[in-house]
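**Q** Structure below; questions to follow.
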Amino acid sequence: MKKSSIVVVDNGAATIKLGVVHGKAKVTTRIIQNAIVRSKGDKITYVGQEIDSCNDFSSLRYRLPFEKGYLADWDAQKAIWDDIFTSQYLGVAPSDASLLITEPYFNLPNLQDVYDQFIFEEYEFQSYYRCTPASMIPHSNLFQDESQPPPECMLVIDSGFSYTHVVPINNGLIVWPAVRRRFYLNFVPIVLLILWIRIDVGGKLLTNQLKELVSYRQWNMMDETYVMNDVKESCCYVSANFKQDLEMCRNNPKTNPIVREYVLPDFSSNKRGHVRTNDEILADSSQILHMNNERFSVPELLFRPDDIGLEQAGLAATIADSISTLPEELRGMFWANIGLIGGTTKFPSFCDRLSAELRSLAPVDCEVKIYEGSEPILEAYNGALAFARVPSFFDYVVTREEYLEMGSNASRRKFRDWKPAERGSKGKEVSRSKTSGQKRDEDEEDEDEDGPPKKAGRGRGRGRGSYRKRG
């Protein structure tokens with residue numbers, strides 16, 4: 001097919017990351033709120049990119065396209081896409097471009113069909129490729145090491161807006177049976193029979209938990225989602241010693257070194273909220289939010305979800321459970337190549353705490369090494385940009401002509417995902433647990449499949465209990 005510009009969209013539940021690839025030209029990255037909000041102050045409704053022009057963030061009413069990790073409100077999503085899938089915004093008409101878009105993990109087949117309908121019937125893209133965020137990480141620089149090639153085995157921790165997923169990748173392909181979304185402590189629910197496993201903790205739950213704590217102890221902030229999300233991002237951190245920090249806050253509630261003062265925004269004078277500095281003189285009208293043990297007790301839910309009654313193991317135990325299901329001879333390489341993506345991994349000391357907990361769970365002879373990027377929110381998006389520049393990218397897409405001829409069956413044949421294996425004509429299993437975009441060679445008798453091109457791999461590194469931060 002004719003090579004065209006490629007629109008790359010990481011369609012997250014909180015934000016949309018978008019860029020257009022024109023050959024080797026530099027890509028301008030845009031980050032757009034994936035929401036429709038109505039301001040109580042100026043009575044204006046803001047859609048997607050328009051939210052940046054809002055000046056009164058008090059009591060915003062949110063309408064989110066995503067619910068519990070899945071795209072549920074298609075009317076809201078269409079309203080947001082209508083603003084960005086235009087020739088004026090993209091610089092290229094959708095009918096003259098191809099699209100690379102991410103979808104949720106374990107996306108349901110009927111929802112995938114709606115994706116196809118919107119892409120080809122509503123926006124009329126020439127072709128498109130649909131995949132999960134983690135499947136793009138082998139193309140990113142997250143695991144870049146100047147002394148070694150990229151690893152063949154990696155474990156991606158994607159902690160985003162709705163959930164936290166643990167995703168093993170082997171030779172560029174997601175090992176779906178080992179993907180973890182829920183790991184129960186005391187009982188095995190029915191969903192475990194089909195291996196739908198996750199940690200039900202993400203950025204949304206943490207913000208809501210912080211709203212409840214602050215509303216109970218200080219100010220009523222239940223309607224101030226935008227403000228409390230900024231408080232969470234500005235003040236919260238992961239504690240290296242939870243009990244010690246908690247005892248410190250209990251003994252000295254006002255003067256301990258953990259306490260921070262957050263100056264609430266004054267929208268009447270268009271002043272944003274911020275953390276108070278030591279030498280800052282406050283106006284008489286300033287309202288102060290005292291952040292004490294809330295700073296670390298909220299992110300603690302990632303490691304101890306049972307603190308709020310969720311019958312689930314923490315992140316470290318879920319990672320160990322995922323690796324235990326992988327081939328024994330490969331487990332050491334997964335322990336040595338753990339990568340962090342998603343906005344919830346940005347909490348200070350998150351990597352240190354996770355590394356310490358994993359070291360106690362890992363086998364003695366295995367290295368534990370964690371990689372974190374400078375901007376975890378953009379890791380999957382940057383990997384998608386790199387994949388879009390691969391010369392063979394167009395071999396993996398579904399064209400509009402194929403869709404018009406076969407409907408969503410064209411996507412099902414090319415986009416391999418989490419669905420259970422089917423049986424081939426010779427009684428052999430035909431794997432459907434490959435990464436999205438995998439090519440199928442139907443001429444081969446054994447029905448072998450080839451995935452997207454990948455870099456040369458490496459095995460485990462050296463050292464123990466360490467992590468590498470890319471600047």
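Residues are referred to by chain and number: the chain letter is A, B, ... according to the order shown in the structure tokens, the number counts from 1 in that chain, and ligands are numbered separately from 1 in the order shown.
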Determine, counting only C-alpha atoms, which protein, DNA and RNA residues have an atom within 12 Å of an atom of Ile288 in chain A; residues of the same chain fewer than 2 positions away are not included. Present the result as a list in words.
**A**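 Within the cut-off, the hits are Val214, Gln218, Trp219, Val231, Arg260, Glu261, Tyr262, Val263, Leu264, Pro265, Asp266, Gly273, His274, Val275, Arg276, Leu282, Ala283, Asp284, Ser285, Ser286, His290 and Met291 of chain A.
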**Q** Can you tell me which residues surround range 44-61 of chain A at a distance of at most 6 Å, considering only C-alpha atoms, apart from same-chain residues fewer than 4 positions away, and format the answer as a list in words?
**A**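 In the requested format, the answer is Ile32, Gln33, Asn34, Ala35, Ile36, Val37, Arg38, Ser39, Lys40, Ile80, Asp223, Glu224 and Phe267 of chain A.
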**Q** Could you dump the residues just selected with C-alpha atoms as a short mmCIF file (atom, residue, chain, number, x, y, z; two decimals), in the first residue's frame?
**A**
```
data_model
loop_
_atom_site.label_atom_id
_atom_site.label_comp_id
_atom_site.auth_asym_id
_atom_site.auth_seq_id
_atom_site.Cartn_x
_atom_site.Cartn_y
_atom_site.Cartn_z
CA ILE A 32 -4.68 16.17 25.87
CA GLN A 33 -7.03 15.58 28.81
CA ASN A 34 -9.28 12.65 27.91
CA ALA A 35 -12.35 14.15 29.53
CA ILE A 36 -15.24 16.53 29.17
CA VAL A 37 -15.54 18.91 32.09
CA ARG A 38 -17.98 21.61 33.09
CA SER A 39 -16.80 24.43 35.31
CA LYS A 40 -19.10 25.48 38.12
CA ILE A 80 -12.94 14.48 22.09
CA ASP A 223 -16.05 18.05 44.60
CA GLU A 224 -12.50 19.29 44.00
CA PHE A 267 -9.71 31.17 41.55
#
```
**Q** Would you pick out the contacts of Val167 in chain A at 10 Å or less, using only C-alpha atoms, so that residues sharing its chain but fewer than 3 positions from it are not included, and give the list as a list of chain:residue names?
**A**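 Within the cut-off, the hits are A:Tyr105, A:Ala134, A:Ser135, A:Met154, A:Leu155, A:Val156, A:Ile157, A:Asp158, A:Thr164, A:Ile174, A:Val175, A:Trp176, A:Pro177, A:Ala178, A:Val179, A:Arg180, A:Arg181, A:Ile319, A:Ser322, A:Ile323, A:Ile338, A:Gly339.
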**Q** Keeping N, CA and C atoms, export the residues of the selection given above as a short mmCIF file (atom, residue, chain, number, x, y, z; two decimals), in the first residue's frame.
**A**
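Ended up saving to part33.cif:
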```
data_model
loop_
_atom_site.label_atom_id
_atom_site.label_comp_id
_atom_site.auth_asym_id
_atom_site.auth_seq_id
_atom_site.Cartn_x
_atom_site.Cartn_y
_atom_site.Cartn_z
N TYR A 105 -5.77 -3.22 28.09
CA TYR A 105 -5.45 -4.63 28.22
C TYR A 105 -6.74 -5.42 28.38
N ALA A 134 1.89 -1.67 26.59
CA ALA A 134 3.12 -2.40 26.92
C ALA A 134 3.76 -3.04 25.70
N SER A 135 2.96 -3.38 24.69
CA SER A 135 3.51 -4.02 23.50
C SER A 135 4.42 -3.09 22.71
N MET A 154 11.47 -9.05 29.34
CA MET A 154 11.27 -7.86 30.17
C MET A 154 9.91 -7.95 30.84
N LEU A 155 9.79 -7.29 31.98
CA LEU A 155 8.53 -7.25 32.73
C LEU A 155 8.13 -5.78 32.86
N VAL A 156 7.01 -5.41 32.26
CA VAL A 156 6.57 -4.02 32.26
C VAL A 156 5.49 -3.82 33.32
N ILE A 157 5.71 -2.86 34.21
CA ILE A 157 4.71 -2.48 35.22
C ILE A 157 4.02 -1.22 34.72
N ASP A 158 2.77 -1.37 34.31
CA ASP A 158 2.00 -0.23 33.77
C ASP A 158 0.97 0.17 34.82
N THR A 164 -3.38 -1.20 37.74
CA THR A 164 -1.96 -1.48 37.60
C THR A 164 -1.81 -2.87 37.00
N ILE A 174 3.91 -10.19 24.07
CA ILE A 174 3.34 -10.26 25.41
C ILE A 174 3.00 -11.71 25.74
N VAL A 175 3.41 -12.16 26.91
CA VAL A 175 3.05 -13.50 27.40
C VAL A 175 1.74 -13.37 28.16
N TRP A 176 0.63 -13.45 27.44
CA TRP A 176 -0.68 -13.12 28.02
C TRP A 176 -1.07 -13.99 29.21
N PRO A 177 -0.80 -15.30 29.21
CA PRO A 177 -1.20 -16.09 30.39
C PRO A 177 -0.54 -15.65 31.69
N ALA A 178 0.57 -14.90 31.60
CA ALA A 178 1.26 -14.44 32.80
C ALA A 178 0.97 -12.98 33.12
N VAL A 179 0.14 -12.32 32.31
CA VAL A 179 -0.21 -10.93 32.61
C VAL A 179 -1.06 -10.89 33.87
N ARG A 180 -0.72 -10.01 34.78
CA ARG A 180 -1.41 -9.94 36.07
C ARG A 180 -2.18 -8.64 36.21
N ARG A 181 -3.49 -8.78 36.47
CA ARG A 181 -4.33 -7.62 36.76
C ARG A 181 -4.99 -7.76 38.13
N ILE A 319 3.98 -9.12 41.11
CA ILE A 319 5.10 -9.31 40.19
C ILE A 319 5.72 -10.69 40.38
N SER A 322 3.51 -13.32 38.87
CA SER A 322 3.58 -13.34 37.42
C SER A 322 4.83 -14.06 36.94
N ILE A 323 5.97 -13.75 37.53
CA ILE A 323 7.23 -14.37 37.10
C ILE A 323 7.21 -15.87 37.39
N ILE A 338 12.99 -5.20 34.76
CA ILE A 338 11.66 -4.71 35.15
C ILE A 338 11.58 -3.23 34.82
N GLY A 339 10.58 -2.84 34.05
CA GLY A 339 10.43 -1.45 33.62
C GLY A 339 9.16 -0.82 34.15
#
```
**Q** For range 63-106 of chain A against range 393-415 of chain A, with a cut-off of 9 Å and counting only C-alpha atoms, what is the closest atom pair and its distance in Å to one decimal for every residue that makes the cut, ordered by chain and number, as JSON lines?
**A**
```
{"residue": "A:Ser98", "atom": "CA", "partner": "A:Val397", "partner_atom": "CA", "distance": 8.5}
{"residue": "A:Leu99", "atom": "CA", "partner": "A:Val397", "partner_atom": "CA", "distance": 8.8}
{"residue": "A:Leu100", "atom": "CA", "partner": "A:Val397", "partner_atom": "CA", "distance": 8.6}
```
**Q** Suppose we keep N, CA, C and O atoms; can you now write the selection as an mmCIF file, in the first residue's frame?
**A**
```
data_model
loop_
_atom_site.group_PDB
_atom_site.id
_atom_site.type_symbol
_atom_site.label_atom_id
_atom_site.label_comp_id
_atom_site.auth_asym_id
_atom_site.auth_seq_id
_atom_site.Cartn_x
_atom_site.Cartn_y
_atom_site.Cartn_z
ATOM 1 N N SER A 98 -2.503 7.138 8.126
ATOM 2 C CA SER A 98 -2.699 5.897 8.868
ATOM 3 C C SER A 98 -2.714 6.222 10.355
ATOM 4 O O SER A 98 -2.235 7.282 10.777
ATOM 5 N N LEU A 99 -3.244 5.310 11.147
ATOM 6 C CA LEU A 99 -3.395 5.541 12.586
ATOM 7 C C LEU A 99 -2.786 4.383 13.364
ATOM 8 O O LEU A 99 -2.998 3.215 13.032
ATOM 9 N N LEU A 100 -2.027 4.723 14.411
ATOM 10 C CA LEU A 100 -1.571 3.755 15.400
ATOM 11 C C LEU A 100 -2.195 4.177 16.725
ATOM 12 O O LEU A 100 -1.940 5.289 17.201
#
```
**Q** Grab the CA of Pro104 in chain A to CA of Glu379 in chain A distance for me, in Å with one decimal place.
**A**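 According to the coordinates, CA of Pro104 in chain A and CA of Glu379 in chain A are separated by 15.7 Å.
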**Q** If you run DSSP on the backbone here, which positions in range 62-217 of chain A get helix (DSSP H, G or I)? Please write them as a PyMOL selection string.
**A** chain A and resi 74-84+87-90+94-96+109-122+133-139+176-178+190-194+203-217
**Q** So that I can check the secondary structure, give me every residue of range 155-384 of chain A assigned strand (DSSP E) by backbone DSSP, as JSON, numbers by chain.
**A** {"A": [155, 156, 157, 158, 159, 164, 165, 166, 167, 168, 169, 170, 173, 174, 260, 261, 262, 263, 274, 275, 288, 289, 290, 291, 338, 339, 340, 341, 369, 370, 371, 372]}
**Q** Save the residues we just selected, N, CA and C atoms, as a CSV table (one decimal), in the first residue's frame?
**A**
```csv
chain,number,residue,atom,x,y,z
A,155,LEU,N,9.8,-7.3,32.0
A,155,LEU,CA,8.5,-7.2,32.7
A,155,LEU,C,8.1,-5.8,32.9
A,156,VAL,N,7.0,-5.4,32.3
A,156,VAL,CA,6.6,-4.0,32.3
A,156,VAL,C,5.5,-3.8,33.3
A,157,ILE,N,5.7,-2.9,34.2
A,157,ILE,CA,4.7,-2.5,35.2
A,157,ILE,C,4.0,-1.2,34.7
A,158,ASP,N,2.8,-1.4,34.3
A,158,ASP,CA,2.0,-0.2,33.8
A,158,ASP,C,1.0,0.2,34.8
A,159,SER,N,1.3,1.2,35.6
A,159,SER,CA,0.4,1.7,36.6
A,159,SER,C,-0.2,3.0,36.1
A,164,THR,N,-3.4,-1.2,37.7
A,164,THR,CA,-2.0,-1.5,37.6
A,164,THR,C,-1.8,-2.9,37.0
A,165,HIS,N,-1.1,-3.0,35.9
A,165,HIS,CA,-0.9,-4.2,35.2
A,165,HIS,C,0.6,-4.7,35.2
A,166,VAL,N,0.8,-5.9,35.3
A,166,VAL,CA,2.1,-6.5,35.3
A,166,VAL,C,2.2,-7.4,34.0
A,167,VAL,N,3.0,-6.9,33.0
A,167,VAL,CA,3.0,-7.5,31.7
A,167,VAL,C,4.4,-8.1,31.3
A,168,PRO,N,4.5,-9.4,31.3
A,168,PRO,CA,5.8,-10.0,30.8
A,168,PRO,C,5.8,-10.0,29.3
A,169,ILE,N,7.0,-9.7,28.8
A,169,ILE,CA,7.2,-9.6,27.3
A,169,ILE,C,8.4,-10.5,27.0
A,170,ASN,N,8.3,-11.4,26.0
A,170,ASN,CA,9.4,-12.3,25.6
A,170,ASN,C,9.6,-12.2,24.1
A,173,LEU,N,7.0,-10.2,22.3
A,173,LEU,CA,5.6,-10.6,22.4
A,173,LEU,C,5.1,-10.7,23.8
A,174,ILE,N,3.9,-10.2,24.1
A,174,ILE,CA,3.3,-10.3,25.4
A,174,ILE,C,3.0,-11.7,25.7
A,260,ARG,N,3.8,19.0,55.1
A,260,ARG,CA,3.9,20.0,54.0
A,260,ARG,C,2.6,20.8,54.1
A,261,GLU,N,2.7,22.1,53.7
A,261,GLU,CA,1.5,22.9,53.6
A,261,GLU,C,1.2,23.2,52.2
A,262,TYR,N,0.1,22.9,51.8
A,262,TYR,CA,-0.4,23.2,50.4
A,262,TYR,C,-1.3,24.4,50.4
A,263,VAL,N,-1.0,25.4,49.7
A,263,VAL,CA,-1.8,26.6,49.6
A,263,VAL,C,-2.9,26.4,48.5
A,274,HIS,N,-0.3,25.5,45.3
A,274,HIS,CA,1.1,25.2,45.3
A,274,HIS,C,1.6,24.8,46.7
A,275,VAL,N,2.7,24.1,46.8
A,275,VAL,CA,3.3,23.7,48.1
A,275,VAL,C,4.0,25.0,48.6
A,288,ILE,N,-5.0,27.0,53.8
A,288,ILE,CA,-3.9,26.0,53.9
A,288,ILE,C,-4.4,24.6,54.1
A,289,LEU,N,-3.8,23.7,53.4
A,289,LEU,CA,-4.1,22.3,53.6
A,289,LEU,C,-2.9,21.6,54.1
A,290,HIS,N,-3.0,21.1,55.3
A,290,HIS,CA,-1.8,20.5,56.0
A,290,HIS,C,-1.8,19.0,55.6
A,291,MET,N,-0.7,18.6,54.9
A,291,MET,CA,-0.5,17.3,54.4
A,291,MET,C,0.5,16.6,55.4
A,338,ILE,N,13.0,-5.2,34.8
A,338,ILE,CA,11.7,-4.7,35.2
A,338,ILE,C,11.6,-3.2,34.8
A,339,GLY,N,10.6,-2.8,34.1
A,339,GLY,CA,10.4,-1.4,33.6
A,339,GLY,C,9.2,-0.8,34.2
A,340,LEU,N,9.2,0.5,34.5
A,340,LEU,CA,8.1,1.2,35.0
A,340,LEU,C,7.5,2.2,34.0
A,341,ILE,N,6.2,2.1,33.7
A,341,ILE,CA,5.5,3.1,32.9
A,341,ILE,C,4.2,3.5,33.5
A,369,LYS,N,16.6,-5.8,39.0
A,369,LYS,CA,17.0,-4.5,38.4
A,369,LYS,C,15.7,-3.8,37.8
A,370,ILE,N,15.5,-2.6,38.2
A,370,ILE,CA,14.3,-1.8,37.8
A,370,ILE,C,14.8,-0.6,36.9
A,371,TYR,N,14.1,-0.5,35.8
A,371,TYR,CA,14.4,0.6,34.9
A,371,TYR,C,13.2,1.6,34.9
A,372,GLU,N,13.5,2.9,35.1
A,372,GLU,CA,12.5,3.9,35.0
A,372,GLU,C,12.9,5.0,34.1
```
**Q** Counting only C-alpha atoms, give me one row per residue of range 354-400 of chain A with an atom at most 8 Å from an atom of range 3-18 of chain A, showing the shortest contact pair and its distance in Å to one decimal, sorted by chain then residue number, as a Markdown table.
**A**
```
| residue | atom | partner | partner_atom | distance |
| --- | --- | --- | --- | --- |
| A:Leu378 | CA | A:Lys17 | CA | 7.5 |
| A:Ala380 | CA | A:Asp10 | CA | 7.3 |
| A:Tyr381 | CA | A:Asp10 | CA | 5.6 |
| A:Ala384 | CA | A:Val8 | CA | 6.8 |
| A:Leu385 | CA | A:Val8 | CA | 6.5 |
| A:Ala388 | CA | A:Ile6 | CA | 6.9 |
| A:Phe394 | CA | A:Lys3 | CA | 7.5 |
```
**Q** Please produce a file of the residues just selected, as a PDB file, in the first residue's frame, where the atoms kept are C-alpha atoms.
**A**
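Written output follows (result19.pdb):
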```
ATOM      1  CA  LEU A 378       5.268   8.993  27.530  1.00  0.00           C
ATOM      2  CA  ALA A 380       4.493   3.726  25.528  1.00  0.00           C
ATOM      3  CA  TYR A 381       3.877   6.705  23.240  1.00  0.00           C
ATOM      4  CA  ALA A 384       4.789   3.733  19.345  1.00  0.00           C
ATOM      5  CA  LEU A 385       6.549   6.589  17.536  1.00  0.00           C
ATOM      6  CA  ALA A 388       5.693   3.816  13.344  1.00  0.00           C
ATOM      7  CA  PHE A 394       2.582  -0.983   6.996  1.00  0.00           C
TER       8      PHE A 394
END
```
